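Pasting query.txt here (compact mmCIF, C-alpha atoms and all ligand atoms):
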# COMPACT_ATOMS: atom_id res chain seq x y z
CA MET A 802 -97.69 140.04 79.32
CA SER A 803 -96.57 143.04 81.32
CA ALA A 804 -93.98 145.41 80.00
CA PRO A 805 -90.36 144.99 81.09
CA MET A 806 -89.95 146.65 84.45
CA THR A 807 -87.50 149.39 85.28
CA VAL A 808 -87.03 151.51 88.37
CA ALA A 809 -88.83 154.35 86.59
CA ASP A 810 -91.88 152.15 86.05
CA ALA A 811 -94.59 153.34 88.44
CA THR A 812 -95.85 149.77 88.75
CA SER A 813 -92.48 148.17 89.53
CA ALA A 814 -91.52 146.48 92.77
CA ALA A 815 -88.77 149.07 93.27
CA THR A 816 -91.29 151.91 93.06
CA LEU A 817 -93.65 150.09 95.39
CA LEU A 818 -90.92 149.64 98.00
CA ALA A 819 -89.88 153.29 97.65
CA ARG A 820 -93.51 154.24 98.28
CA CYS A 821 -93.59 152.05 101.41
CA ASP A 822 -90.57 154.03 102.62
CA GLU A 823 -92.29 157.30 101.75
CA LEU A 824 -95.44 156.40 103.71
CA ALA A 825 -93.34 155.24 106.66
CA ALA A 826 -92.33 158.88 107.19
CA TYR A 827 -95.94 159.76 108.13
CA SER A 828 -95.76 158.82 111.78
CA SER A 829 -96.72 160.20 115.19
CA LEU A 830 -93.59 158.66 116.74
CA PRO A 831 -90.06 160.15 116.64
CA ASP A 832 -86.78 158.51 115.70
CA GLY A 833 -88.02 156.76 112.58
CA LEU A 834 -90.53 154.62 114.45
CA ILE A 835 -93.90 154.20 112.73
CA GLU A 836 -97.31 154.72 114.27
CA ARG A 837 -100.25 155.86 112.21
CA VAL A 838 -103.65 155.69 113.81
CA TYR A 839 -107.23 156.29 112.76
CA LEU A 840 -108.42 159.88 112.29
CA SER A 841 -104.99 161.38 112.96
CA PRO A 842 -103.14 164.02 110.94
CA GLU A 843 -100.95 161.18 109.60
CA HIS A 844 -104.05 159.31 108.43
CA ALA A 845 -105.13 162.40 106.45
CA ALA A 846 -101.63 162.84 105.05
CA VAL A 847 -101.21 159.27 103.76
CA ASN A 848 -104.70 159.34 102.27
CA ALA A 849 -103.67 162.45 100.32
CA VAL A 850 -100.45 160.84 99.09
CA ALA A 851 -102.15 157.57 98.16
CA ALA A 852 -104.96 159.49 96.44
CA ARG A 853 -102.37 161.14 94.22
CA TRP A 854 -100.90 157.73 93.31
CA MET A 855 -104.39 156.41 92.61
CA THR A 856 -105.15 159.40 90.36
CA GLU A 857 -101.89 158.82 88.47
CA ALA A 858 -102.95 155.19 88.06
CA GLY A 859 -106.13 156.37 86.35
CA LEU A 860 -108.55 155.90 89.23
CA THR A 861 -111.32 158.27 90.27
CA THR A 862 -110.79 158.78 93.99
CA TRP A 863 -112.87 159.69 97.03
CA GLN A 864 -112.74 159.36 100.78
CA ASP A 865 -115.74 157.51 102.16
CA ALA A 866 -117.80 158.35 105.23
CA ALA A 867 -115.45 156.37 107.49
CA GLY A 868 -112.22 157.89 106.18
CA ASN A 869 -111.36 154.95 103.92
CA LEU A 870 -109.67 156.07 100.71
CA CYS A 871 -111.25 154.59 97.58
CA GLY A 872 -110.42 154.72 93.87
CA ARG A 873 -112.39 153.32 90.95
CA LEU A 874 -111.66 152.31 87.38
CA GLU A 875 -114.79 151.55 85.36
CA GLY A 876 -115.07 148.27 83.48
CA ALA A 877 -116.45 147.62 79.99
CA GLU A 878 -119.34 149.96 80.78
CA PRO A 879 -119.90 152.42 83.64
CA GLY A 880 -121.55 151.28 86.84
CA LEU A 881 -120.67 147.59 86.75
CA PRO A 882 -120.19 145.74 90.06
CA ALA A 883 -116.64 146.13 91.34
CA LEU A 884 -113.86 143.80 92.31
CA LEU A 885 -112.33 145.43 95.41
CA LEU A 886 -108.57 145.25 95.83
CA GLY A 887 -107.08 146.57 99.01
CA SER A 888 -105.77 146.45 102.54
CA HIS A 889 -105.07 149.08 105.22
CA LEU A 890 -102.82 152.10 105.76
CA ASP A 891 -103.05 152.37 109.57
CA THR A 892 -100.48 150.73 111.83
CA VAL A 893 -99.79 149.41 115.31
CA PRO A 894 -97.27 151.33 117.49
CA SER A 895 -93.64 150.72 116.40
CA ALA A 896 -94.94 149.12 113.24
CA GLY A 897 -93.25 147.76 110.17
CA ARG A 898 -93.71 149.47 106.83
CA TYR A 899 -95.41 146.67 104.88
CA ASP A 900 -98.27 145.28 106.98
CA GLY A 901 -101.36 146.51 105.11
CA ILE A 902 -99.47 149.11 103.09
CA LEU A 903 -98.07 146.48 100.73
CA GLY A 904 -101.59 145.35 99.82
CA VAL A 905 -102.82 148.86 99.08
CA LEU A 906 -99.82 149.73 96.92
CA THR A 907 -100.00 146.38 95.11
CA ALA A 908 -103.64 147.13 94.29
CA ILE A 909 -102.74 150.54 92.86
CA ALA A 910 -99.90 149.05 90.77
CA VAL A 911 -102.14 146.27 89.43
CA VAL A 912 -104.93 148.65 88.39
CA GLN A 913 -102.37 150.94 86.75
CA ARG A 914 -100.95 148.03 84.75
CA ILE A 915 -104.33 146.74 83.63
CA ARG A 916 -105.43 150.21 82.56
CA ALA A 917 -102.16 150.74 80.66
CA SER A 918 -102.67 147.43 78.86
CA GLY A 919 -105.87 148.84 77.36
CA ARG A 920 -107.84 145.78 78.39
CA THR A 921 -111.40 146.37 79.55
CA LEU A 922 -112.80 144.06 82.20
CA PRO A 923 -116.32 142.74 82.70
CA PHE A 924 -116.31 144.43 86.14
CA ALA A 925 -115.07 147.68 87.64
CA LEU A 926 -111.89 147.69 89.73
CA GLU A 927 -111.77 149.54 93.02
CA VAL A 928 -108.83 150.06 95.32
CA VAL A 929 -109.70 150.48 98.99
CA ALA A 930 -107.18 151.75 101.52
CA PHE A 931 -108.87 150.94 104.81
CA ALA A 932 -108.49 153.57 107.51
CA ASP A 933 -108.45 151.39 110.60
CA GLU A 934 -107.66 147.71 110.62
CA GLU A 935 -105.42 147.48 113.68
CA GLY A 936 -107.66 149.22 116.19
CA THR A 937 -104.64 150.95 117.72
CA ARG A 938 -106.37 154.18 118.72
CA PHE A 939 -109.79 153.04 119.93
CA GLY A 940 -109.02 149.44 120.87
CA ARG A 941 -111.47 148.06 118.30
CA ALA A 942 -110.11 146.50 115.12
CA LEU A 943 -111.57 146.57 111.59
CA LEU A 944 -113.42 149.88 111.98
CA GLY A 945 -112.78 150.89 108.36
CA SER A 946 -113.81 147.58 106.82
CA ARG A 947 -116.78 147.18 109.16
CA ALA A 948 -118.06 150.56 107.93
CA LEU A 949 -117.69 149.41 104.31
CA ALA A 950 -119.39 146.12 105.11
CA GLY A 951 -122.32 147.95 106.71
CA THR A 952 -121.74 146.19 110.05
CA TRP A 953 -120.88 149.33 112.01
CA ASP A 954 -122.06 149.21 115.62
CA ASP A 955 -123.37 152.52 116.99
CA ALA A 956 -122.11 151.51 120.44
CA TRP A 957 -118.60 152.22 119.08
CA TRP A 958 -119.25 155.97 119.04
CA GLU A 959 -118.53 155.96 122.78
CA LEU A 960 -115.17 154.20 122.42
CA ARG A 961 -112.41 156.45 123.71
CA ASP A 962 -108.75 156.83 122.89
CA ALA A 963 -105.96 157.20 125.48
CA GLU A 964 -106.66 160.97 125.65
CA GLY A 965 -110.34 160.37 126.40
CA THR A 966 -111.56 161.54 122.99
CA SER A 967 -114.61 159.61 121.85
CA LEU A 968 -114.77 158.06 118.40
CA HIS A 969 -117.75 160.33 117.75
CA ASP A 970 -115.77 163.48 118.54
CA ALA A 971 -112.73 162.22 116.63
CA PHE A 972 -114.94 161.86 113.54
CA LEU A 973 -116.07 165.48 113.87
CA ALA A 974 -112.56 166.78 114.53
CA TRP A 975 -111.28 164.99 111.43
CA GLY A 976 -114.07 166.42 109.27
CA LEU A 977 -116.30 163.37 109.06
CA ASP A 978 -119.99 163.34 109.94
CA PRO A 979 -120.93 160.45 112.28
CA ALA A 980 -124.52 160.69 111.09
CA ARG A 981 -123.41 159.71 107.59
CA ILE A 982 -121.47 156.55 108.53
CA GLY A 983 -124.05 154.45 106.68
CA ASP A 984 -122.94 156.08 103.41
CA ALA A 985 -119.71 154.05 103.59
CA ALA A 986 -121.64 150.78 103.42
CA ARG A 987 -121.61 148.84 100.16
CA ARG A 988 -124.29 146.44 99.02
CA PRO A 989 -123.51 142.88 97.94
CA GLU A 990 -124.91 143.45 94.43
CA GLN A 991 -122.34 146.24 93.89
CA LEU A 992 -119.46 143.84 94.44
CA VAL A 993 -117.79 141.03 92.52
CA GLY A 994 -115.51 140.17 95.41
CA TYR A 995 -112.60 141.37 97.53
CA LEU A 996 -108.98 140.44 96.97
CA GLU A 997 -106.23 141.32 99.45
CA ALA A 998 -102.47 140.81 99.33
CA HIS A 999 -100.81 140.89 102.76
CA ILE A 1000 -97.54 139.83 104.36
CA GLU A 1001 -97.91 136.42 105.97
CA GLN A 1002 -97.09 137.47 109.57
CA GLY A 1003 -95.78 133.96 110.08
CA PRO A 1004 -92.85 131.81 108.94
CA VAL A 1005 -94.63 129.15 106.86
CA LEU A 1006 -93.81 130.52 103.40
CA GLU A 1007 -90.20 131.17 104.37
CA ASP A 1008 -89.84 127.67 105.81
CA GLU A 1009 -91.35 126.21 102.63
CA ASP A 1010 -89.15 128.39 100.42
CA ARG A 1011 -92.11 130.05 98.69
CA ALA A 1012 -92.59 133.72 97.87
CA LEU A 1013 -96.39 133.57 97.85
CA GLY A 1014 -99.24 131.49 99.19
CA VAL A 1015 -103.00 131.09 98.74
CA VAL A 1016 -104.98 131.84 101.90
CA SER A 1017 -107.67 129.24 102.58
CA SER A 1018 -109.37 130.98 105.47
CA ILE A 1019 -108.87 133.55 108.20
CA ALA A 1020 -109.11 131.83 111.54
CA GLY A 1021 -111.77 132.99 113.92
CA ALA A 1022 -110.90 132.86 117.62
CA ARG A 1023 -112.87 131.54 120.56
CA ARG A 1024 -111.67 132.80 123.90
CA PHE A 1025 -112.44 131.44 127.32
CA MET A 1026 -111.64 132.13 130.95
CA VAL A 1027 -111.08 128.73 132.52
CA SER A 1028 -111.19 128.35 136.30
CA VAL A 1029 -109.68 125.41 138.12
CA ILE A 1030 -110.96 125.18 141.68
CA GLY A 1031 -109.45 123.20 144.53
CA ALA A 1032 -108.95 124.07 148.17
CA ALA A 1033 -106.53 126.56 149.66
CA GLY A 1034 -104.60 125.16 152.59
CA HIS A 1035 -101.40 125.37 154.58
CA SER A 1036 -98.30 124.26 152.72
CA GLY A 1037 -97.82 121.64 155.42
CA THR A 1038 -100.80 119.65 154.11
CA PRO A 1039 -99.66 116.18 152.94
CA TYR A 1040 -99.80 115.51 149.19
CA GLU A 1041 -102.58 112.92 149.50
CA ARG A 1042 -104.84 115.58 151.01
CA ARG A 1043 -103.94 118.50 148.76
CA ARG A 1044 -106.34 119.83 146.18
CA ASP A 1045 -103.83 122.09 144.44
CA ALA A 1046 -105.54 124.16 141.75
CA LEU A 1047 -102.26 125.44 140.29
CA ALA A 1048 -100.76 121.97 139.86
CA GLY A 1049 -103.99 120.99 138.11
CA ALA A 1050 -104.00 124.10 135.92
CA ALA A 1051 -100.35 123.52 135.01
CA GLU A 1052 -101.16 119.97 133.91
CA ALA A 1053 -104.14 121.30 131.96
CA ILE A 1054 -102.10 123.96 130.17
CA VAL A 1055 -99.47 121.45 129.07
CA ALA A 1056 -102.24 119.08 127.94
CA ILE A 1057 -103.88 121.89 125.94
CA GLU A 1058 -100.61 122.57 124.17
CA ARG A 1059 -100.17 118.89 123.32
CA ILE A 1060 -103.76 118.48 122.07
CA ALA A 1061 -103.61 121.63 119.92
CA ARG A 1062 -100.23 120.70 118.44
CA THR A 1063 -101.38 117.32 117.24
CA ALA A 1064 -104.52 118.94 115.75
CA GLN A 1065 -102.58 121.74 113.99
CA LEU A 1066 -104.56 124.27 115.97
CA ILE A 1067 -103.42 127.40 117.73
CA ALA A 1068 -104.09 127.39 121.46
CA THR A 1069 -102.65 130.11 123.65
CA VAL A 1070 -102.84 130.52 127.41
CA GLY A 1071 -101.71 134.10 127.97
CA GLN A 1072 -103.05 135.05 131.37
CA LEU A 1073 -102.95 133.21 134.68
CA GLU A 1074 -104.22 134.32 138.07
CA VAL A 1075 -103.42 132.30 141.16
CA SER A 1076 -105.46 132.67 144.35
CA PRO A 1077 -104.77 133.35 147.12
CA GLY A 1078 -101.23 133.76 145.76
CA ALA A 1079 -99.14 133.37 148.89
CA VAL A 1080 -95.81 131.52 149.09
CA ASN A 1081 -96.94 129.17 151.84
CA VAL A 1082 -100.52 128.54 150.78
CA ILE A 1083 -101.67 125.79 148.42
CA PRO A 1084 -103.45 127.55 145.54
CA GLY A 1085 -107.20 127.17 145.90
CA ARG A 1086 -108.17 128.67 142.57
CA VAL A 1087 -106.56 129.43 139.23
CA ASP A 1088 -108.16 131.41 136.41
CA PHE A 1089 -106.49 131.28 133.01
CA SER A 1090 -107.31 132.60 129.56
CA LEU A 1091 -107.50 130.36 126.52
CA ASP A 1092 -107.44 131.60 122.92
CA LEU A 1093 -108.29 128.90 120.37
CA ARG A 1094 -108.11 129.40 116.62
CA GLY A 1095 -108.02 127.16 113.60
CA GLU A 1096 -108.56 126.93 109.89
CA TYR A 1097 -112.09 125.58 110.30
CA ASP A 1098 -114.61 126.33 113.02
CA SER A 1099 -115.70 122.68 113.14
CA GLU A 1100 -112.17 121.48 113.96
CA ARG A 1101 -111.67 124.27 116.50
CA ASP A 1102 -114.94 123.40 118.22
CA ARG A 1103 -114.12 119.67 118.20
CA ILE A 1104 -110.79 120.38 119.88
CA TRP A 1105 -112.47 122.54 122.51
CA GLN A 1106 -114.59 119.48 123.35
CA VAL A 1107 -111.42 117.34 123.65
CA ILE A 1108 -109.91 119.98 125.94
CA GLN A 1109 -113.04 119.99 128.09
CA ASP A 1110 -112.96 116.19 128.42
CA THR A 1111 -109.29 116.37 129.40
CA LEU A 1112 -110.02 119.04 132.00
CA SER A 1113 -112.77 116.89 133.50
CA GLU A 1114 -110.53 113.82 133.64
CA LEU A 1115 -107.56 115.49 135.28
CA CYS A 1116 -109.66 117.51 137.73
CA GLU A 1117 -111.46 114.38 138.86
CA ARG A 1118 -108.14 112.60 139.37
CA ARG A 1119 -106.84 115.54 141.45
CA GLY A 1120 -110.00 116.22 143.45
CA LEU A 1121 -110.56 119.54 141.67
CA ARG A 1122 -113.39 120.97 139.64
CA TRP A 1123 -113.39 123.38 136.72
CA GLU A 1124 -115.65 125.79 134.92
CA SER A 1125 -115.31 128.11 131.93
CA VAL A 1126 -116.85 131.23 130.47
CA GLN A 1127 -116.59 132.06 126.78
CA THR A 1128 -115.46 135.69 126.43
CA HIS A 1129 -115.25 135.98 122.64
CA SER A 1130 -116.27 134.02 119.58
CA ALA A 1131 -115.74 134.84 115.92
CA PRO A 1132 -116.33 132.54 112.98
CA ALA A 1133 -113.51 131.77 110.58
CA ALA A 1134 -113.86 133.65 107.29
CA ALA A 1135 -113.35 131.23 104.42
CA CYS A 1136 -111.90 132.42 101.15
CA SER A 1137 -114.20 131.47 98.27
CA ALA A 1138 -113.27 128.56 96.00
CA ARG A 1139 -113.41 130.86 92.96
CA LEU A 1140 -111.05 133.47 94.42
CA ARG A 1141 -108.73 130.80 95.87
CA GLU A 1142 -108.47 129.38 92.37
CA VAL A 1143 -107.69 132.72 90.68
CA VAL A 1144 -105.11 133.54 93.38
CA ALA A 1145 -103.52 130.13 92.75
CA ALA A 1146 -103.56 130.83 89.00
CA GLY A 1147 -101.86 134.17 89.68
CA ILE A 1148 -99.16 132.47 91.75
CA ARG A 1149 -98.67 129.76 89.11
CA SER A 1150 -98.02 132.53 86.55
CA THR A 1151 -94.97 133.54 88.63
CA GLY A 1152 -93.42 130.08 88.21
CA ASP A 1153 -94.61 128.35 91.40
CA GLU A 1154 -96.51 125.51 89.82
CA ARG A 1155 -98.05 124.07 92.97
CA PRO A 1156 -98.93 127.04 95.16
CA LEU A 1157 -99.01 126.44 98.87
CA SER A 1158 -102.32 126.90 100.66
CA LEU A 1159 -102.27 128.18 104.24
CA PHE A 1160 -104.67 129.77 106.70
CA SER A 1161 -104.29 133.10 108.41
CA LYS A 1162 -103.84 133.10 112.16
CA ALA A 1163 -104.17 136.88 112.28
CA GLY A 1164 -107.26 138.96 111.54
CA HIS A 1165 -107.60 141.00 108.33
CA ASP A 1166 -109.99 143.48 106.69
CA ALA A 1167 -111.15 140.59 104.50
CA MET A 1168 -112.90 139.10 107.56
CA ALA A 1169 -115.18 142.12 107.73
CA VAL A 1170 -115.71 142.36 103.97
CA ALA A 1171 -116.74 138.68 103.98
CA ALA A 1172 -120.12 139.85 105.33
CA ILE A 1173 -121.00 141.32 101.90
CA ALA A 1174 -118.71 139.74 99.30
CA GLU A 1175 -116.68 136.65 98.58
CA ILE A 1176 -113.08 137.12 99.67
CA GLY A 1177 -109.68 135.95 98.50
CA MET A 1178 -106.24 136.58 99.96
CA LEU A 1179 -102.67 136.15 98.85
CA PHE A 1180 -99.87 135.95 101.42
CA VAL A 1181 -96.37 137.29 100.80
CA ARG A 1182 -93.31 135.87 102.51
CA CYS A 1183 -91.86 138.16 105.20
CA GLU A 1184 -88.43 137.69 106.70
CA GLY A 1185 -88.47 135.47 109.77
CA GLY A 1186 -92.26 135.71 109.85
CA VAL A 1187 -91.77 139.01 111.71
CA SER A 1188 -94.52 141.65 111.65
CA HIS A 1189 -95.82 144.46 113.88
CA ASN A 1190 -92.17 145.33 114.35
CA PRO A 1191 -89.73 147.76 112.69
CA ALA A 1192 -87.75 144.70 111.49
CA GLU A 1193 -90.61 143.68 109.18
CA HIS A 1194 -89.02 142.98 105.78
CA VAL A 1195 -89.96 141.80 102.29
CA THR A 1196 -87.68 141.38 99.29
CA GLU A 1197 -87.99 143.25 96.01
CA ALA A 1198 -88.22 139.95 94.12
CA ASP A 1199 -91.16 138.83 96.27
CA VAL A 1200 -92.90 142.16 95.78
CA ALA A 1201 -92.44 141.84 92.02
CA ALA A 1202 -93.99 138.37 92.19
CA THR A 1203 -96.86 139.79 94.29
CA ILE A 1204 -97.76 142.45 91.73
CA ASP A 1205 -97.56 139.92 88.88
CA ALA A 1206 -99.64 137.34 90.75
CA VAL A 1207 -102.41 139.76 91.75
CA GLU A 1208 -102.55 141.17 88.20
CA GLN A 1209 -102.87 137.67 86.77
CA ALA A 1210 -105.45 136.73 89.42
CA VAL A 1211 -107.61 139.69 88.37
CA LEU A 1212 -107.25 138.77 84.70
CA ALA A 1213 -108.08 135.12 85.44
CA LEU A 1214 -111.23 136.26 87.22
CA ALA A 1215 -112.10 138.46 84.23
CA ASP A 1216 -111.56 135.50 81.88
CA SER A 1217 -113.85 133.27 83.93
CA SER A 1218 -116.48 136.03 84.19
CA ASP A 1219 -116.26 136.68 80.43
CA GLY A 1220 -116.67 132.98 79.76
CA ALA A 1221 -119.63 132.72 82.07
CA GLU A 1222 -121.46 135.61 80.48
CA ARG A 1223 -120.69 135.03 76.81
CA ALA A 1224 -123.15 132.92 74.86
CA PRO A 1225 -121.58 130.01 72.94
CA ARG A 1226 -120.89 130.85 69.29
ZN ZN B 1301 -102.47 144.06 108.34
Represent the supplied structure as structure tokens.
Ligand SMILES: [Zn+2]
Amino acid sequence: MSAPMTVADATSAATLLARCDELAAYSSLPDGLIERVYLSPEHAAVNAVAARWMTEAGLTTWQDAAGNLCGRLEGAEPGLPALLLGSHLDTVPSAGRYDGILGVLTAIAVVQRIRASGRTLPFALEVVAFADEEGTRFGRALLGSRALAGTWDDAWWELRDAEGTSLHDAFLAWGLDPARIGDAARRPEQLVGYLEAHIEQGPVLEDEDRALGVVSSIAGARRFMVSVIGAAGHSGTPYERRRDALAGAAEAIVAIERIARTAQLIATVGQLEVSPGAVNVIPGRVDFSLDLRGEYDSERDRIWQVIQDTLSELCERRGLRWESVQTHSAPAAACSARLREVVAAGIRSTGDERPLSLFSKAGHDAMAVAAIAEIGMLFVRCEGGVSHNPAEHVTEADVAATIDAVEQAVLALADSSDGAERAPR
């Protein structure tokens, strides 16, 4: 059992929230707005502050070759594989103060509590504060976690920020050596797994009246440009002779929404281009974007087939044709059964006896880490499901439950590891 919590307790929810406020002050924007991007002075400053908190928690700290801040607490003997606990400290423009930050500070609080309890674990604990999850500065997300996962792409060195500075030059200016990026990479045998607490960025937990939830998977998106092609013509053309690409696309978009809704899938049409785009000309061609994401790749891909069949049917009926180009495809990252179970055990310890399981519609560092370790995630209720916005809000009670649940999840994993390794008496 953890000690009774007071405001003075460095591992309390009140302290954690005060630290979120403290980090929110490190921003490149005025007027209390938060923006903290990769390889900026603010990035260096929050790493220094968080390193101090990690040191106070008993961790040995270092900054890796990608600017991620790391801290380690050895297990029963030095050099054991590590369970990584973490999230990110960078933000989007006009950010909230909890997205990512909450997970890092929860990790620090949990390690501090476990160390204070005197319990030794059959694995090391490491806290990782990823340097770039959002991709705000260079337009490419998950740079920090991709470096740790060893999936860095050298083509990224030429990415440029709004000022025209390349990622390569930003590394040098910040005191990092691009040639050493490989040093940030971990190997699978060094890791027990990766556990991340994060605000939900959606309203499901709030609607279900739950503080916490077990993440089943992080959805991977497939994106397409879909073109509906008819024939441009004078607006005087009778209906029977029209081949109106926009009317067809409109019917398709509504059908896509209906199909995705019944399948519990996320389908978003966010861009639409009408050609020739004149008030008195029947549209001859429409190009629209489609972003499809779901809990499982198989279901997402099945629904894409249903959408394609629907497009074929309605285009044939309207004398149109259609084609599509896939512009992006990422697999869903599934949380492992073992880490889902320990996260559920952690949530049960807070009094929620039947934890809710949900999938993440947004991307997270865990997606990248999944390349080298099993992953688990815990979602925390956020007010109105709002994130990436100054109005982002979590309650102190929910934060207290988060720290308790992650601590108990780590201990449950230790118990199961102990049991697996110990010979029967
Ligand atoms: Zn985040």
**OP:** For Thr812 (chain A), list every protein, DNA or RNA residue within 12 Å, evaluated using all atoms listed in the file, and leave out those in the same chain fewer than 6 positions away; present the list as a list in words.
**Re:**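 Answer for this query is Ser803, Ala804, Pro805, Met806, Leu818, Ala819, Arg820, Trp854, Met855, Glu857, Ala858, Leu906, Thr907, Ala908, Ile909, Ala910, Val911, Val912, Gln913, Arg914, Ile915, Arg916, Ala917, Val1200, Ala1201, Thr1203, Ile1204, Asp1205 and Glu1208 of chain A.
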Subject >> From A:Val1027, A:Gln1209, A:Arg1182, A:Leu834, residue lying nearest Trp1105 (chain A) [only C-alpha atoms] >> reply: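 Using only C-alpha atoms, Trp1105 (chain A) sits closest to A:Val1027.
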Subject >> Best match for closeness to ligand ZN 1301 (chain B) among A:Ala1048, A:Leu1013, A:Ile1000, A:Ala852, counting all atoms listed in the file >> reply: A:Ile1000
**OP:** Using all atoms listed in the file, find each residue with an atom at most 9 Å away from ligand ZN 1301 (chain B) and format the answer as a ChimeraX atom specification.
**Re:** /A:888-892,899-902,904,934-935,999-1000,1002,1163-1166,1188-1189
**OP:** Write out as a VMD selection string which residues come within 10 Å of Leu968 (chain A) when counting only C-alpha atoms, dropping same-chain ones fewer than 4 positions away.
**Re:** chain A and resid 839 to 840 938 to 939 957 to 962 972 to 974 979
**OP:** Have a look at A:Gly1037, A:Pro842, A:Pro989, A:Gly876 and name the one nearest to Ala971 (chain A); count all atoms listed in the file.
**Re:**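 Closest candidate: A:Pro842.
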**OP:** For Asp1045 (chain A), work out the shell of residues within 12 Å, counting all atoms listed in the file and skipping chain neighbours fewer than 5 positions away, then give it as number ranges by chain.
**Re:** A: 1029-1036, 1038-1040, 1050-1052, 1075-1077, 1082-1087, 1115-1116, 1118-1122
Subject >> Selection: 10 Å around Gly1152 (chain A), only C-alpha atoms, excl. self and same-chain fewer than 5 positions, as a list in words >> reply: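 Here the qualifying residues turn out to be Gly1147, Ala1202 and Ala1206 of chain A.
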**OP:** Would you list the contacts of region 1123-1137 of chain A as JSON, numbers by chain, taking every protein, DNA or RNA residue within 8 Å and counting all atoms listed in the file, but skipping same-chain residues closer than 4 positions in sequence?
**Re:** {"A": [1016, 1017, 1018, 1019, 1020, 1021, 1022, 1023, 1024, 1025, 1026, 1027, 1028, 1029, 1030, 1095, 1096, 1097, 1098, 1112, 1113, 1116, 1141, 1167, 1168, 1171, 1175, 1176, 1177, 1178]}
**OP:** Measure the distance from CA of Val1170 (chain A) to CA of Gly951 (chain A) in Å and round it to one decimal.
**Re:** 9.1 Å
**OP:** Select, from A:Val929, A:Ala1064, A:Val893, A:Leu885, the residue with the minimum atom-to-atom distance to Trp863 (chain A), counting all atoms listed in the file.
**Re:**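 Residue with the minimum atom-to-atom distance to Trp863 (chain A): A:Val929.
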Subject >> One-decimal distance in Å that lies between CA of Leu926 (chain A) and CA of Ala1172 (chain A) >> reply: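 Straight-line distance from CA of Ala1172 (chain A) to CA of Leu926 (chain A) works out to 19.3 Å.
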Subject >> Local residues around (-96.0, 126.5, 101.5), at most 9 Å away, using only C-alpha atoms, as a PyMOL selection string >> reply: chain A and resi 1005-1015+1156-1159
Take the residues that were just selected and, keeping C-alpha atoms, output them as an mmCIF file, keeping the file's coordinate frame.
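See out.cif below for the written result:
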data_model
loop_
_atom_site.group_PDB
_atom_site.id
_atom_site.type_symbol
_atom_site.label_atom_id
_atom_site.label_comp_id
_atom_site.auth_asym_id
_atom_site.auth_seq_id
_atom_site.Cartn_x
_atom_site.Cartn_y
_atom_site.Cartn_z
ATOM 1 C CA VAL A 1005 -94.630 129.150 106.860
ATOM 2 C CA LEU A 1006 -93.810 130.520 103.400
ATOM 3 C CA GLU A 1007 -90.200 131.170 104.370
ATOM 4 C CA ASP A 1008 -89.840 127.670 105.810
ATOM 5 C CA GLU A 1009 -91.350 126.210 102.630
ATOM 6 C CA ASP A 1010 -89.150 128.390 100.420
ATOM 7 C CA ARG A 1011 -92.110 130.050 98.690
ATOM 8 C CA ALA A 1012 -92.590 133.720 97.870
ATOM 9 C CA LEU A 1013 -96.390 133.570 97.850
ATOM 10 C CA GLY A 1014 -99.240 131.490 99.190
ATOM 11 C CA VAL A 1015 -103.000 131.090 98.740
ATOM 12 C CA PRO A 1156 -98.930 127.040 95.160
ATOM 13 C CA LEU A 1157 -99.010 126.440 98.870
ATOM 14 C CA SER A 1158 -102.320 126.900 100.660
ATOM 15 C CA LEU A 1159 -102.270 128.180 104.240
#
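For the choices A:Ala950, A:Val1080, A:Ala1210, A:Ala986, the atom-to-atom distance to Ile1173 (chain A) is smallest for A:Ala950 when using only C-alpha atoms.
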Is there a way to complete region 979-987 of chain A with N, CA and C atoms and then write that out as a PDB file, in the coordinates of the input?
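Output file selection.pdb is given in full below:
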ATOM      1  N   PRO A 979    -120.493 161.766 111.769  1.00  0.00           N
ATOM      2  CA  PRO A 979    -120.930 160.450 112.280  1.00  0.00           C
ATOM      3  C   PRO A 979    -122.309 160.045 111.755  1.00  0.00           C
ATOM      4  N   ALA A 980    -123.156 161.005 111.533  1.00  0.00           N
ATOM      5  CA  ALA A 980    -124.520 160.690 111.090  1.00  0.00           C
ATOM      6  C   ALA A 980    -124.541 160.064 109.695  1.00  0.00           C
ATOM      7  N   ARG A 981    -123.446 160.227 108.963  1.00  0.00           N
ATOM      8  CA  ARG A 981    -123.410 159.710 107.590  1.00  0.00           C
ATOM      9  C   ARG A 981    -122.646 158.400 107.460  1.00  0.00           C
ATOM     10  N   ILE A 982    -122.314 157.747 108.582  1.00  0.00           N
ATOM     11  CA  ILE A 982    -121.470 156.550 108.530  1.00  0.00           C
ATOM     12  C   ILE A 982    -122.070 155.486 107.606  1.00  0.00           C
ATOM     13  N   GLY A 983    -123.388 155.442 107.538  1.00  0.00           N
ATOM     14  CA  GLY A 983    -124.050 154.450 106.680  1.00  0.00           C
ATOM     15  C   GLY A 983    -123.709 154.619 105.212  1.00  0.00           C
ATOM     16  N   ASP A 984    -123.289 155.831 104.816  1.00  0.00           N
ATOM     17  CA  ASP A 984    -122.940 156.080 103.410  1.00  0.00           C
ATOM     18  C   ASP A 984    -121.725 155.248 102.969  1.00  0.00           C
ATOM     19  N   ALA A 985    -120.901 154.832 103.929  1.00  0.00           N
ATOM     20  CA  ALA A 985    -119.710 154.050 103.590  1.00  0.00           C
ATOM     21  C   ALA A 985    -120.059 152.609 103.219  1.00  0.00           C
ATOM     22  N   ALA A 986    -121.262 152.190 103.603  1.00  0.00           N
ATOM     23  CA  ALA A 986    -121.640 150.780 103.420  1.00  0.00           C
ATOM     24  C   ALA A 986    -121.895 150.453 101.955  1.00  0.00           C
ATOM     25  N   ARG A 987    -121.351 149.329 101.518  1.00  0.00           N
ATOM     26  CA  ARG A 987    -121.610 148.840 100.160  1.00  0.00           C
ATOM     27  C   ARG A 987    -122.664 147.751 100.238  1.00  0.00           C
TER      28      ARG A 987
END
